[in-house]
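Visitor: Below is one structure. I have some questions about it.
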Amino acid sequence: LLPEVKALGDYQQSMKSWIVQINTLDGEITSVMSGTNHGDLFSQSHQTQEMLQHAVDLVKEIDQVKVPAAATGLHEQLYSTAIGYLETARLVMRWVGAPEAATKDQISQKLQQVRSMKSTLEKSQWISQP
């Protein structure tokens, strides 16, 4: 294979992995917001800190990868989606410490927005094709 073709294939595999990680992060956010893992404030805070760290790690990984020129546009969409989930995770962290209705509404709006972005990515030929 040409180096460019291999780089694109490697990047495509990374993108698939990042989508899986984004879906996992979405599940963590949903779990915290639904209160499925109710516990004391310390337990909730710990779970939320782990979720936030996953979001930070994901954004760093996406930001630091070498992007093939052909995938630049899709990479920007992916990065924006990951940043959106990071912002949502930060709001969730704030909400756990001070559960206010206004913050919960912000989280719901942001989650709807980033899920739409994620859906667009998942439908991309770059990600859906082997």
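Numbering starts fresh at 1 for the residues of each chain in the structure tokens, the chains themselves are lettered A, B, ... in the order given, and ligands are numbered from 1 as they appear.
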Within 8 Å of A:Thr48, counting only C-alpha atoms, which residues qualify if same-chain residues fewer than 5 places away don't, as a short mmCIF file (atom, residue, chain, number, x, y, z; two decimals) with N, CA, C and O atoms, in the first residue's frame?

Guide:
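What landed in out34.cif:
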data_model
loop_
_atom_site.label_atom_id
_atom_site.label_comp_id
_atom_site.auth_asym_id
_atom_site.auth_seq_id
_atom_site.Cartn_x
_atom_site.Cartn_y
_atom_site.Cartn_z
N VAL A 32 -25.17 9.01 35.04
CA VAL A 32 -25.10 10.00 36.11
C VAL A 32 -26.39 10.81 36.17
O VAL A 32 -26.97 11.04 37.24
N ALA A 89 -19.80 16.98 29.95
CA ALA A 89 -19.28 16.32 31.15
C ALA A 89 -18.95 17.34 32.24
O ALA A 89 -19.21 17.10 33.43
N VAL A 92 -22.18 18.35 33.82
CA VAL A 92 -22.66 17.28 34.69
C VAL A 92 -21.91 17.33 36.02
O VAL A 92 -22.51 17.18 37.09
N MET A 93 -20.61 17.56 35.95
CA MET A 93 -19.80 17.66 37.17
C MET A 93 -20.33 18.80 38.05
O MET A 93 -20.47 18.63 39.26
N VAL A 96 -23.74 17.77 39.61
CA VAL A 96 -23.65 16.82 40.71
C VAL A 96 -23.34 17.56 42.02
O VAL A 96 -23.91 17.24 43.06
#

Visitor: Restrict the calculation to only C-alpha atoms, then for each residue of stretch 94-126 of chain A with any atom at most 9 Å from an atom of stretch 19-26 of chain A give the closest atom pair and their distance in Å to one decimal, rows by chain and rising residue number, as a Markdown table.

Guide:
| residue | atom | partner | partner_atom | distance |
| --- | --- | --- | --- | --- |
| A:Leu111 | CA | A:Asp26 | CA | 8.4 |
| A:Arg115 | CA | A:Asp26 | CA | 8.3 |
| A:Lys118 | CA | A:Ile19 | CA | 7.8 |
| A:Leu121 | CA | A:Ile19 | CA | 8.2 |
| A:Glu122 | CA | A:Ile19 | CA | 7.5 |

Visitor: Can you write out the residues you just picked, keeping N, CA, C and O atoms, as a PDB file, in the first residue's frame?

Guide:
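result.pdb, freshly written:
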ATOM      1  N   LEU A 111     -26.603  17.898  25.425  1.00  0.00           N
ATOM      2  CA  LEU A 111     -26.590  16.479  25.081  1.00  0.00           C
ATOM      3  C   LEU A 111     -27.340  16.223  23.781  1.00  0.00           C
ATOM      4  O   LEU A 111     -26.868  15.455  22.932  1.00  0.00           O
ATOM      5  N   ARG A 115     -25.363  14.728  20.560  1.00  0.00           N
ATOM      6  CA  ARG A 115     -25.863  13.460  20.014  1.00  0.00           C
ATOM      7  C   ARG A 115     -26.193  13.593  18.534  1.00  0.00           C
ATOM      8  O   ARG A 115     -25.982  12.662  17.758  1.00  0.00           O
ATOM      9  N   LYS A 118     -22.875  13.486  16.803  1.00  0.00           N
ATOM     10  CA  LYS A 118     -22.374  12.111  16.823  1.00  0.00           C
ATOM     11  C   LYS A 118     -23.098  11.265  15.776  1.00  0.00           C
ATOM     12  O   LYS A 118     -22.481  10.484  15.050  1.00  0.00           O
ATOM     13  N   LEU A 121     -21.741  11.900  12.390  1.00  0.00           N
ATOM     14  CA  LEU A 121     -20.452  11.207  12.225  1.00  0.00           C
ATOM     15  C   LEU A 121     -20.647   9.718  11.948  1.00  0.00           C
ATOM     16  O   LEU A 121     -20.003   9.149  11.067  1.00  0.00           O
ATOM     17  N   GLU A 122     -21.523   9.097  12.724  1.00  0.00           N
ATOM     18  CA  GLU A 122     -21.740   7.661  12.585  1.00  0.00           C
ATOM     19  C   GLU A 122     -22.284   7.291  11.206  1.00  0.00           C
ATOM     20  O   GLU A 122     -22.069   6.179  10.731  1.00  0.00           O
TER      21      GLU A 122
END

Visitor: For each of A:Met15, A:Val67, A:Leu8, A:Val114, take the minimum atom-to-atom distance to A:Glu87, counting only C-alpha atoms, then give the residue where this is smallest.

Guide: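 Answer, going by the shortest atom-to-atom distance: A:Val114.
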
Visitor: Which one of A:Ile127, A:Ile107, A:Val56, A:Leu74 sits closest to A:Trp95 if you count only C-alpha atoms?

Guide: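 Closest candidate: A:Ile107.
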
Visitor: Please identify which residues in stretch 1-112 of chain A DSSP calls alpha helix (DSSP H) from the backbone, and express them as a PyMOL selection string.

Guide: chain A and resi 3-34+41-64+72-97+101-112

Visitor: Taking into account only C-alpha atoms, which residue in the set A:Ser34, A:Gln49, A:Gln125, A:Thr81 is nearest to A:Asp63?

Guide: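 Distance minimum relative to A:Asp63 lands on A:Thr81.
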
Visitor: Select, from A:Leu86, A:Ser14, A:Ser80, A:Ala7, the residue with the minimum atom-to-atom distance to A:Gln53, counting only C-alpha atoms.

Guide: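 When distances to A:Gln53 are compared using only C-alpha atoms, the smallest one comes from A:Leu86.
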
Visitor: Using atom CA of A:Val65 and atom CA of A:Gly84 as the two end points, give the distance in Å to one decimal.

Guide: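 Atom CA of A:Gly84 lies 18.5 Å from atom CA of A:Val65.
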
Visitor: Which value, in Å to one decimal, gives the distance between atom CA of A:Glu28 and atom CA of A:Leu91?

Guide: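 One can read the atom CA of A:Glu28 to atom CA of A:Leu91 distance as 13.3 Å.
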
Visitor: If you measure from atom CA of A:Ser119 to atom CA of A:Glu4, what distance in Å do you get, rounded to one decimal?

Guide: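 Between atom CA of A:Ser119 and atom CA of A:Glu4 the gap is 27.3 Å.
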